[in-house]
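Chemist: File follows, upload08.cif with mmCIF, C-alpha atoms and all ligand atoms:
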```cif
data_run
#
loop_
_atom_site.group_PDB
_atom_site.id
_atom_site.type_symbol
_atom_site.label_atom_id
_atom_site.label_comp_id
_atom_site.auth_asym_id
_atom_site.auth_seq_id
_atom_site.Cartn_x
_atom_site.Cartn_y
_atom_site.Cartn_z
ATOM 1 C CA MET A 1 0.000 0.000 0.000
ATOM 2 C CA LYS A 2 1.279 3.429 -0.875
ATOM 3 C CA SER A 3 1.556 5.697 2.104
ATOM 4 C CA GLU A 4 -0.010 9.129 2.057
ATOM 5 C CA PRO A 5 2.237 11.560 0.138
ATOM 6 C CA HIS A 6 2.212 14.063 2.987
ATOM 7 C CA LEU A 7 3.706 11.435 5.295
ATOM 8 C CA GLN A 8 6.522 10.471 2.949
ATOM 9 C CA ALA A 9 9.978 11.943 3.283
ATOM 10 C CA VAL A 10 11.095 14.523 0.720
ATOM 11 C CA CYS A 11 14.605 15.830 0.266
ATOM 12 C CA GLY A 12 15.680 13.521 3.109
ATOM 13 C CA LYS A 13 13.335 15.098 5.642
ATOM 14 C CA SER A 14 9.735 14.809 6.731
ATOM 15 C CA VAL A 15 7.312 17.012 4.791
ATOM 16 C CA GLY A 16 6.526 18.876 8.005
ATOM 17 C CA GLU A 17 10.195 19.686 8.524
ATOM 18 C CA CYS A 18 10.485 20.846 4.890
ATOM 19 C CA LEU A 19 7.467 23.114 5.311
ATOM 20 C CA ARG A 20 9.033 24.667 8.406
ATOM 21 C CA ILE A 21 12.302 25.245 6.549
ATOM 22 C CA ILE A 22 10.452 26.815 3.621
ATOM 23 C CA GLU A 23 8.449 29.141 5.839
ATOM 24 C CA GLN A 24 11.505 30.240 7.805
ATOM 25 C CA PHE A 25 13.579 31.027 4.724
ATOM 26 C CA HIS A 26 11.059 32.212 2.163
ATOM 27 C CA GLY A 27 8.675 33.945 4.551
ATOM 28 C CA TRP A 28 5.632 31.845 3.673
ATOM 29 C CA ARG A 29 4.733 28.463 2.246
ATOM 30 C CA ALA A 30 4.482 29.578 -1.377
ATOM 31 C CA PRO A 31 2.806 26.951 -3.578
ATOM 32 C CA GLY A 32 5.598 27.267 -6.153
ATOM 33 C CA LEU A 33 8.126 26.422 -3.480
ATOM 34 C CA LEU A 34 6.146 23.390 -2.349
ATOM 35 C CA LEU A 35 6.147 22.168 -5.942
ATOM 36 C CA GLY A 36 9.844 22.982 -6.115
ATOM 37 C CA MET A 37 10.432 20.822 -3.042
ATOM 38 C CA TYR A 38 9.040 17.801 -4.908
ATOM 39 C CA MET A 39 10.966 18.710 -8.065
ATOM 40 C CA VAL A 40 14.276 18.920 -6.218
ATOM 41 C CA ASP A 41 13.432 15.748 -4.273
ATOM 42 C CA TRP A 42 12.946 13.804 -7.504
ATOM 43 C CA ALA A 43 16.028 15.254 -9.202
ATOM 44 C CA LEU A 44 18.136 14.428 -6.128
ATOM 45 C CA GLU A 45 16.834 10.878 -6.072
ATOM 46 C CA LEU A 46 17.557 10.394 -9.790
ATOM 47 C CA ILE A 47 21.068 11.779 -9.673
ATOM 48 C CA GLY A 48 21.862 9.675 -6.619
ATOM 49 C CA GLU A 49 23.991 10.180 -3.551
ATOM 50 C CA GLY A 50 27.656 11.040 -3.809
ATOM 51 C CA VAL A 51 27.342 13.021 -7.046
ATOM 52 C CA GLU A 52 28.546 16.603 -6.940
ATOM 53 C CA ALA A 53 25.672 18.233 -8.750
ATOM 54 C CA ASP A 54 25.233 21.754 -10.023
ATOM 55 C CA ALA A 55 21.757 23.133 -10.599
ATOM 56 C CA ILE A 56 19.993 25.251 -13.175
ATOM 57 C CA VAL A 57 16.528 26.661 -12.664
ATOM 58 C CA GLU A 58 14.576 28.184 -15.522
ATOM 59 C CA THR A 59 12.670 30.802 -13.566
ATOM 60 C CA ARG A 60 13.496 33.384 -10.916
ATOM 61 C CA HIS A 61 10.288 32.645 -9.047
ATOM 62 C CA CYS A 62 10.275 30.276 -6.059
ATOM 63 C CA LEU A 63 12.353 27.477 -7.643
ATOM 64 C CA PRO A 64 15.755 29.013 -6.823
ATOM 65 C CA ASP A 65 14.821 28.895 -3.137
ATOM 66 C CA ALA A 66 13.835 25.211 -3.365
ATOM 67 C CA VAL A 67 17.291 24.416 -4.749
ATOM 68 C CA GLN A 68 19.036 26.581 -2.158
ATOM 69 C CA LEU A 69 17.112 25.010 0.718
ATOM 70 C CA PHE A 70 17.357 21.346 -0.251
ATOM 71 C CA THR A 71 20.688 21.047 -2.076
ATOM 72 C CA PRO A 72 24.163 22.480 -1.398
ATOM 73 C CA CYS A 73 23.756 24.675 -4.511
ATOM 74 C CA THR A 74 23.266 28.404 -4.008
ATOM 75 C CA VAL A 75 23.533 31.473 -6.197
ATOM 76 C CA GLY A 76 26.305 32.705 -3.919
ATOM 77 C CA ASN A 77 28.540 29.639 -4.255
ATOM 78 C CA GLY A 78 27.989 29.584 -8.013
ATOM 79 C CA TRP A 79 26.571 26.051 -8.135
ATOM 80 C CA LEU A 80 23.069 27.330 -8.929
ATOM 81 C CA LYS A 81 22.345 29.247 -12.115
ATOM 82 C CA ILE A 82 19.110 30.983 -12.948
ATOM 83 C CA ILE A 83 17.994 31.127 -16.570
ATOM 84 C CA ASP A 84 15.221 33.690 -16.756
ATOM 85 C CA TRP A 85 12.714 31.962 -19.054
ATOM 86 C CA ASP A 86 9.859 31.668 -16.583
ATOM 87 C CA CYS A 87 9.726 27.912 -17.270
ATOM 88 C CA PHE A 88 8.940 25.902 -14.169
ATOM 89 C CA ALA A 89 11.827 23.470 -14.474
ATOM 90 C CA VAL A 90 14.986 22.496 -12.618
ATOM 91 C CA THR A 91 18.008 20.502 -13.778
ATOM 92 C CA LEU A 92 20.573 18.870 -11.508
ATOM 93 C CA TYR A 93 23.649 17.629 -13.317
ATOM 94 C CA ASP A 94 26.940 15.970 -12.535
ATOM 95 C CA ARG A 95 29.413 18.795 -12.963
ATOM 96 C CA ARG A 96 32.125 16.427 -14.237
ATOM 97 C CA GLU A 97 30.099 14.108 -16.470
ATOM 98 C CA LEU A 98 27.788 16.938 -17.643
ATOM 99 C CA SER A 99 24.815 14.625 -17.458
ATOM 100 C CA GLY A 100 21.835 14.859 -15.203
ATOM 101 C CA PHE A 101 18.082 15.128 -14.848
ATOM 102 C CA ARG A 102 15.582 17.842 -15.688
ATOM 103 C CA VAL A 103 12.278 17.924 -13.827
ATOM 104 C CA HIS A 104 9.419 20.169 -14.907
ATOM 105 C CA LEU A 105 5.834 20.839 -13.962
ATOM 106 C CA ASP A 106 3.846 18.825 -16.516
ATOM 107 C CA LEU A 107 0.794 20.869 -17.480
ATOM 108 C CA GLY A 108 -1.034 17.885 -18.992
ATOM 109 C CA LYS A 109 -0.686 15.848 -15.809
ATOM 110 C CA THR A 110 -1.484 18.867 -13.669
ATOM 111 C CA GLU A 111 -4.693 19.647 -15.539
ATOM 112 C CA ALA A 112 -5.788 16.008 -15.394
ATOM 113 C CA LEU A 113 -4.811 15.256 -11.788
ATOM 114 C CA CYS A 114 -5.181 18.562 -9.996
ATOM 115 C CA PRO A 115 -7.412 21.168 -11.672
ATOM 116 C CA ASP A 116 -7.028 23.566 -8.717
ATOM 117 C CA LEU A 117 -3.261 23.565 -9.103
ATOM 118 C CA PHE A 118 -3.556 23.926 -12.884
ATOM 119 C CA ASN A 119 -5.920 26.884 -12.570
ATOM 120 C CA TRP A 120 -3.675 28.545 -10.003
ATOM 121 C CA PHE A 121 -0.526 28.032 -12.068
ATOM 122 C CA MET A 122 -2.167 29.270 -15.278
ATOM 123 C CA ARG A 123 -3.738 32.180 -13.362
ATOM 124 C CA ARG A 124 -7.199 31.193 -14.528
ATOM 125 C CA VAL A 125 -8.887 31.879 -11.202
ATOM 126 C CA PRO A 126 -8.685 34.868 -8.870
ATOM 127 C CA LYS A 127 -6.335 34.263 -5.927
ATOM 128 C CA ARG A 128 -9.170 34.733 -3.456
ATOM 129 C CA SER A 129 -11.119 31.744 -4.752
ATOM 130 C CA LEU A 130 -8.193 29.376 -4.136
ATOM 131 C CA PRO A 131 -7.065 29.696 -0.512
ATOM 132 C CA LEU A 132 -3.481 28.714 0.229
ATOM 133 C CA GLU A 133 -4.599 25.834 2.477
ATOM 134 C CA VAL A 134 -6.525 24.324 -0.438
ATOM 135 C CA LEU A 135 -3.546 24.656 -2.791
ATOM 136 C CA GLU A 136 -1.137 23.303 -0.198
ATOM 137 C CA LYS A 137 -3.306 20.269 0.460
ATOM 138 C CA ALA A 138 -3.621 19.716 -3.288
ATOM 139 C CA ILE A 139 0.148 19.901 -3.852
ATOM 140 C CA LEU A 140 0.962 17.627 -0.898
ATOM 141 C CA GLY A 141 -1.686 15.232 -2.247
ATOM 142 C CA VAL A 142 -0.283 14.957 -5.775
ATOM 143 C CA GLY A 143 3.438 15.265 -4.988
ATOM 144 C CA ARG A 144 5.612 14.359 -7.933
ATOM 145 C CA SER A 145 2.737 12.835 -9.951
ATOM 146 C CA VAL A 146 2.219 16.202 -11.690
ATOM 147 C CA LEU A 147 5.893 16.355 -12.673
ATOM 148 C CA THR A 148 7.872 14.868 -15.531
ATOM 149 C CA ALA A 149 11.560 13.993 -15.289
ATOM 150 C CA GLU A 150 13.988 13.199 -18.078
ATOM 151 C CA SER A 151 17.673 12.435 -18.277
ATOM 152 C CA VAL A 152 19.694 15.095 -20.080
ATOM 153 C CA VAL A 153 23.199 15.903 -21.234
ATOM 154 C CA MET A 154 24.354 19.458 -20.797
ATOM 155 C CA THR A 155 25.037 21.413 -23.989
ATOM 156 C CA ASP A 156 25.333 24.921 -22.563
ATOM 157 C CA ALA A 157 25.254 27.014 -19.386
ATOM 158 C CA TYR A 158 27.241 24.434 -17.424
ATOM 159 C CA LYS A 159 30.456 26.420 -17.156
ATOM 160 C CA ARG A 160 31.026 27.891 -13.746
ATOM 161 C CA ILE A 161 31.129 31.661 -13.924
ATOM 162 C CA LYS A 162 34.642 32.565 -12.923
ATOM 163 C CA LYS A 163 35.204 35.742 -10.990
ATOM 164 C CA SER A 164 36.978 38.297 -13.144
ATOM 165 C CA GLY A 165 39.933 40.310 -11.942
ATOM 166 C CA THR A 166 39.305 43.286 -9.705
ATOM 167 C CA ALA A 167 39.663 46.857 -10.932
ATOM 168 C CA VAL A 168 39.418 50.079 -8.962
ATOM 169 C CA CYS A 169 37.202 52.802 -10.389
ATOM 170 C CA PRO A 170 39.263 55.982 -10.872
ATOM 171 C CA SER A 171 36.184 58.094 -10.222
ATOM 172 C CA CYS A 172 34.693 56.695 -6.973
ATOM 173 C CA GLY A 173 37.474 54.391 -5.730
ATOM 174 C CA GLU A 174 35.223 51.321 -5.412
ATOM 175 C CA SER A 175 36.133 47.890 -6.800
ATOM 176 C CA PHE A 176 34.423 46.268 -9.773
ATOM 177 C CA GLY A 177 34.979 43.498 -12.335
ATOM 178 C CA ALA A 178 38.117 44.170 -14.366
ATOM 179 C CA ASP A 179 36.630 42.804 -17.608
ATOM 180 C CA ARG A 180 34.397 45.876 -17.837
ATOM 181 C CA PRO A 181 35.156 49.378 -19.169
ATOM 182 C CA ARG A 182 37.396 51.726 -17.217
ATOM 183 C CA LEU A 183 34.745 53.276 -14.938
ATOM 184 C CA CYS A 184 32.532 51.220 -12.630
ATOM 185 C CA PRO A 185 28.900 50.708 -13.768
ATOM 186 C CA SER A 186 27.632 53.301 -11.301
ATOM 187 C CA CYS A 187 30.006 56.016 -12.491
ATOM 188 C CA ARG A 188 29.055 55.169 -16.100
ATOM 189 C CA GLY A 189 25.502 56.136 -15.221
ATOM 190 C CA GLU A 190 24.195 52.565 -14.982
ATOM 191 C CA GLY A 191 23.678 52.637 -11.212
ATOM 192 C CA TYR A 192 20.408 51.536 -9.617
ATOM 193 C CA CYS A 193 20.450 54.054 -6.729
ATOM 194 C CA SER A 194 21.739 57.537 -5.903
ATOM 195 C CA PRO A 195 23.946 58.113 -2.850
ATOM 196 C CA LEU A 196 22.511 60.634 -0.363
ATOM 197 C CA GLU A 197 24.284 60.762 3.023
ATOM 198 C CA PRO A 198 27.299 58.680 4.101
ATOM 199 C CA GLN A 199 26.566 56.781 7.349
ATOM 200 C CA SER A 200 29.156 56.093 10.002
ATOM 201 C CA ALA A 201 29.720 52.481 11.050
ATOM 202 C CA SER A 202 29.355 53.314 14.733
ATOM 203 C CA GLY A 203 25.868 54.697 14.203
ATOM 204 C CA ALA A 204 26.814 58.265 15.175
ATOM 205 C CA ALA A 205 26.216 60.877 12.502
HETATM 206 ZN ZN ZN B 301 32.980 54.468 -9.831
#
```
Before we go any further, please render this structure as C-alpha cells.
Ligand SMILES: [Zn+2]

Modeler:
Amino acid sequence: MKSEPHLQAVCGKSVGECLRIIEQFHGWRAPGLLLGMYMVDWALELIGEGVEADAIVETRHCLPDAVQLFTPCTVGNGWLKIIDWDCFAVTLYDRRELSGFRVHLDLGKTEALCPDLFNWFMRRVPKRSLPLEVLEKAILGVGRSVLTAESVVMTDAYKRIKKSGTAVCPSCGESFGADRPRLCPSCRGEGYCSPLEPQSASGAA
C-alpha cells in the first residue's frame, strides 16, 4: 500500500520539517516552493547520492529557493544558475560528467490530476477563490505525480562563472569586475540608486 504523500519523506526530511524550513527562509509556504520541493526531491533521487551536482533553474520565481534550501547549490557559491525563461523546471547535473536530470511541472498531468493547481498556475482563477490551504493540500496530495523527469546531457550554461579580476574605479574608488570598461557601472551612469548621506559604522552621525 502506498503511504499518504504528505507522510513520505522529501529531500531527506519529513514534509513537516520541509514546510518549516520553507516558511523560515522564504517567509511563507508559497505553492511554487512546495512544488519545487518535490521537483528537487525527484532530481536528487535520480542523480543519486555522492554526485557533486550543479543546478539550473529556468525561472526566478520560487524554484531558486527550493534548490538553495534542499541542495548544497546556491547562487552565492555559483553552483546554482538561474535562466530567466519563466519555465517551471529544474536541472541537476553531474558537474564532471555533464549529465543529469531535468524535472518540470507537466501541465497535462497537472490539468488532469489537480485542476485547482492547474488553474492557479495558469492564473485562470482569482487568488481569493483558491485559498493557500486548499492549494497546499492539493500539492501535498499529488506530490511528484504532476511532474515529468527526463535524463539530459548538458550542452550549454554548465560552465562555472569565474570571478573576473578586480579593478578600482578611478572616479569613486570602489572595486568592480576588471573585464568591464574603465569606470565602474555606477560612475558610467548605470547605477540603480543615488547616494545621499554617508553613514558612520558606529551609528553616530
Ligand atoms: Zn565608480

Chemist: Need the shell around range 73-78 of chain A: protein/DNA/RNA residues with any atom at most 9 Å away, counting all atoms listed in the file. Skip same-chain ones fewer than 3 positions apart. Format as a list in words?

Modeler: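 Near neighbours after the sequence-gap exclusion: Ala53, Asp54, Ala55, Pro64, Asp65, Val67, Gln68, Leu69, Phe70, Lys81, Ile82, Arg160, Ile161 and Lys162 of chain A.
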
Chemist: Save out the residues we just selected, C-alpha atoms, as a compact mmCIF listing (two decimals), keeping the file's coordinate frame.

Modeler:
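The resulting file, out-v7.txt, is reproduced below:
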```
# COMPACT_ATOMS: atom_id res chain seq x y z
CA ALA A 53 25.67 18.23 -8.75
CA ASP A 54 25.23 21.75 -10.02
CA ALA A 55 21.76 23.13 -10.60
CA PRO A 64 15.76 29.01 -6.82
CA ASP A 65 14.82 28.90 -3.14
CA VAL A 67 17.29 24.42 -4.75
CA GLN A 68 19.04 26.58 -2.16
CA LEU A 69 17.11 25.01 0.72
CA PHE A 70 17.36 21.35 -0.25
CA LYS A 81 22.34 29.25 -12.12
CA ILE A 82 19.11 30.98 -12.95
CA ARG A 160 31.03 27.89 -13.75
CA ILE A 161 31.13 31.66 -13.92
CA LYS A 162 34.64 32.56 -12.92
```

Chemist: Residues within 8 Å of ligand ZN 301 (chain B), counting only C-alpha atoms and all ligand atoms: report them as a list in words.

Modeler: Val168, Cys169, Pro170, Ser171, Cys172, Gly173, Glu174, Ser175, Leu183, Cys184, Pro185, Ser186, Cys187 and Arg188 of chain A

Chemist: Just so the selection is clear, what residues does the PyMOL selection byres (((chain A and resi 43) around 8) and not hetatm) cover here, as a list in words?

Modeler: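 Applied to this file, the PyMOL selection byres (((chain A and resi 43) around 8) and not hetatm) selects Met39, Val40, Asp41, Trp42, Leu44, Glu45, Leu46, Ile47, Thr91, Leu92, Phe101, Arg102, Val103 and Ala149 of chain A.
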
Chemist: So how many Å separate CA of Ala89 in chain A and CA of Leu63 in chain A, to one decimal?

Modeler: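 Atom-to-atom, CA of Ala89 in chain A and CA of Leu63 in chain A are spaced 7.9 Å apart.
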
Chemist: Calculate, to one decimal in Å, the centre and edge lengths of the box along x, y and z of the file that holds all listed atoms of range 43-56 of chain A with 4 Å of margin on each side, and present them as lines of an AutoDock Vina configuration file.

Modeler:
```
center_x = 22.3
center_y = 17.5
center_z = -8.4
size_x = 20.5
size_y = 23.6
size_z = 17.6
```

Chemist: Can you check which parts of range 53-135 of chain A lie within 12 Å of range 11-32 of chain A? Per residue, the shortest pair of atoms and distance in Å to one decimal, counting all atoms listed in the file, sorted by chain and number, as CSV.

Modeler:
```
residue,atom,partner,partner_atom,distance
A:Thr59,CA,A:Gly32,CA,10.8
A:Arg60,CA,A:Gly32,CA,11.1
A:His61,CA,A:Gly32,CA,7.7
A:Cys62,CA,A:Gly32,CA,5.6
A:Leu63,CA,A:Gly32,CA,6.9
A:Pro64,CA,A:Gly32,CA,10.3
A:Asp65,CA,A:His26,CA,7.3
A:Ala66,CA,A:Ile22,CA,7.9
A:Val67,CA,A:Cys11,CA,10.3
A:Gln68,CA,A:Phe25,CA,9.8
A:Leu69,CA,A:Ile22,CA,7.5
A:Phe70,CA,A:Cys11,CA,6.2
A:Thr71,CA,A:Cys11,CA,8.3
A:Pro72,CA,A:Cys11,CA,11.8
A:Cys87,CA,A:Gly32,CA,11.9
A:Phe88,CA,A:Gly32,CA,8.8
A:Ala89,CA,A:Gly32,CA,11.1
A:His104,CA,A:Gly32,CA,11.9
A:Leu105,CA,A:Gly32,CA,10.1
A:Asp116,CA,A:Pro31,CA,11.6
A:Leu117,CA,A:Pro31,CA,8.9
A:Phe118,CA,A:Pro31,CA,11.7
A:Trp120,CA,A:Pro31,CA,9.3
A:Phe121,CA,A:Gly32,CA,8.5
A:Lys127,CA,A:Pro31,CA,11.9
A:Leu130,CA,A:Pro31,CA,11.3
A:Pro131,CA,A:Pro31,CA,10.7
A:Leu132,CA,A:Pro31,CA,7.6
A:Glu133,CA,A:Pro31,CA,9.6
A:Val134,CA,A:Pro31,CA,10.2
A:Leu135,CA,A:Pro31,CA,6.8
```

Chemist: Any idea what the distance is between CA of Ile56 in chain A and CA of Leu34 in chain A?

Modeler: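 One can read the CA of Ile56 in chain A to CA of Leu34 in chain A distance as 17.7 Å.
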
Chemist: Hey, can you check how far CA of Val51 in chain A sits from CA of Ser99 in chain A?

Modeler: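 Rounded to one decimal, the two atoms are 10.8 Å apart.
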
Chemist: With distances taken over all atoms listed in the file, which residue among A:Glu111, A:Glu150, A:Glu136, A:Glu52 lies nearest Arg124 in chain A?

Modeler: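 That would be A:Glu111, the residue with the smallest distance to Arg124 in chain A.
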
Chemist: For the file shown, what are the residues hit by the PyMOL selection byres (((chain A and resi 114) around 10) and not hetatm), laid out as a PyMOL selection string?

Modeler: chain A and resi 107-113+115-119+135+138-139+141-142+145-146

Chemist: Grab the residues selected above and save them as a short mmCIF file (atom, residue, chain, number, x, y, z; two decimals), keeping the file's coordinate frame with C-alpha atoms.

Modeler:
```cif
data_model
loop_
_atom_site.label_atom_id
_atom_site.label_comp_id
_atom_site.auth_asym_id
_atom_site.auth_seq_id
_atom_site.Cartn_x
_atom_site.Cartn_y
_atom_site.Cartn_z
CA LEU A 107 0.79 20.87 -17.48
CA GLY A 108 -1.03 17.89 -18.99
CA LYS A 109 -0.69 15.85 -15.81
CA THR A 110 -1.48 18.87 -13.67
CA GLU A 111 -4.69 19.65 -15.54
CA ALA A 112 -5.79 16.01 -15.39
CA LEU A 113 -4.81 15.26 -11.79
CA PRO A 115 -7.41 21.17 -11.67
CA ASP A 116 -7.03 23.57 -8.72
CA LEU A 117 -3.26 23.56 -9.10
CA PHE A 118 -3.56 23.93 -12.88
CA ASN A 119 -5.92 26.88 -12.57
CA LEU A 135 -3.55 24.66 -2.79
CA ALA A 138 -3.62 19.72 -3.29
CA ILE A 139 0.15 19.90 -3.85
CA GLY A 141 -1.69 15.23 -2.25
CA VAL A 142 -0.28 14.96 -5.78
CA SER A 145 2.74 12.84 -9.95
CA VAL A 146 2.22 16.20 -11.69
#
```

Chemist: Counting only C-alpha atoms, what is within 8 Å of Met154 in chain A, bar same-chain residues fewer than 4 positions away, as a list in words?

Modeler: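 So, after excluding close chain neighbours, the residues are Tyr93, Leu98, Ser99, Gly100 and Tyr158 of chain A.
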
Chemist: Compare A:Pro181, A:Gly36, A:Gly191, A:Gly165 by their minimum atom-to-atom distance to Leu140 in chain A, counting only C-alpha atoms, and give me the closest one.

Modeler: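 Once distances to Leu140 in chain A are computed over only C-alpha atoms, the minimum belongs to A:Gly36.
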
Chemist: When you count all atoms listed in the file, which of these residues is closest to Thr148 in chain A: A:Pro126, A:Tyr192, A:Leu80, A:Val90?

Modeler: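 Counting all atoms listed in the file, the residue closest to Thr148 in chain A is A:Val90.
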
Chemist: Give me the residues near Asp179 in chain A as a list in words, where near means some atom within 9 Å (using all atoms listed in the file) and where sequence neighbours in that chain fewer than 2 positions away do not count.

Modeler: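 In the requested form, the answer reads Ser164, Gly165, Thr166, Ala167, Phe176, Gly177, Pro181 and Arg182 of chain A.
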
Chemist: Store the residues picked out above in a file with C-alpha atoms, as a compact mmCIF listing (two decimals), in the coordinates of the input.

Modeler:
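So the final result, stored in result14.txt, reads:
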```txt
# COMPACT_ATOMS: atom_id res chain seq x y z
CA SER A 164 36.98 38.30 -13.14
CA GLY A 165 39.93 40.31 -11.94
CA THR A 166 39.30 43.29 -9.70
CA ALA A 167 39.66 46.86 -10.93
CA PHE A 176 34.42 46.27 -9.77
CA GLY A 177 34.98 43.50 -12.34
CA PRO A 181 35.16 49.38 -19.17
CA ARG A 182 37.40 51.73 -17.22
```

Chemist: Using only C-alpha atoms, which of the listed residues (A:Val10, A:Ala201, A:Val152, A:Ala178) sits closest to Leu35 in chain A?

Modeler: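 Of A:Val10, A:Ala201, A:Val152, A:Ala178, the one nearest Leu35 in chain A, counting only C-alpha atoms, is A:Val10.
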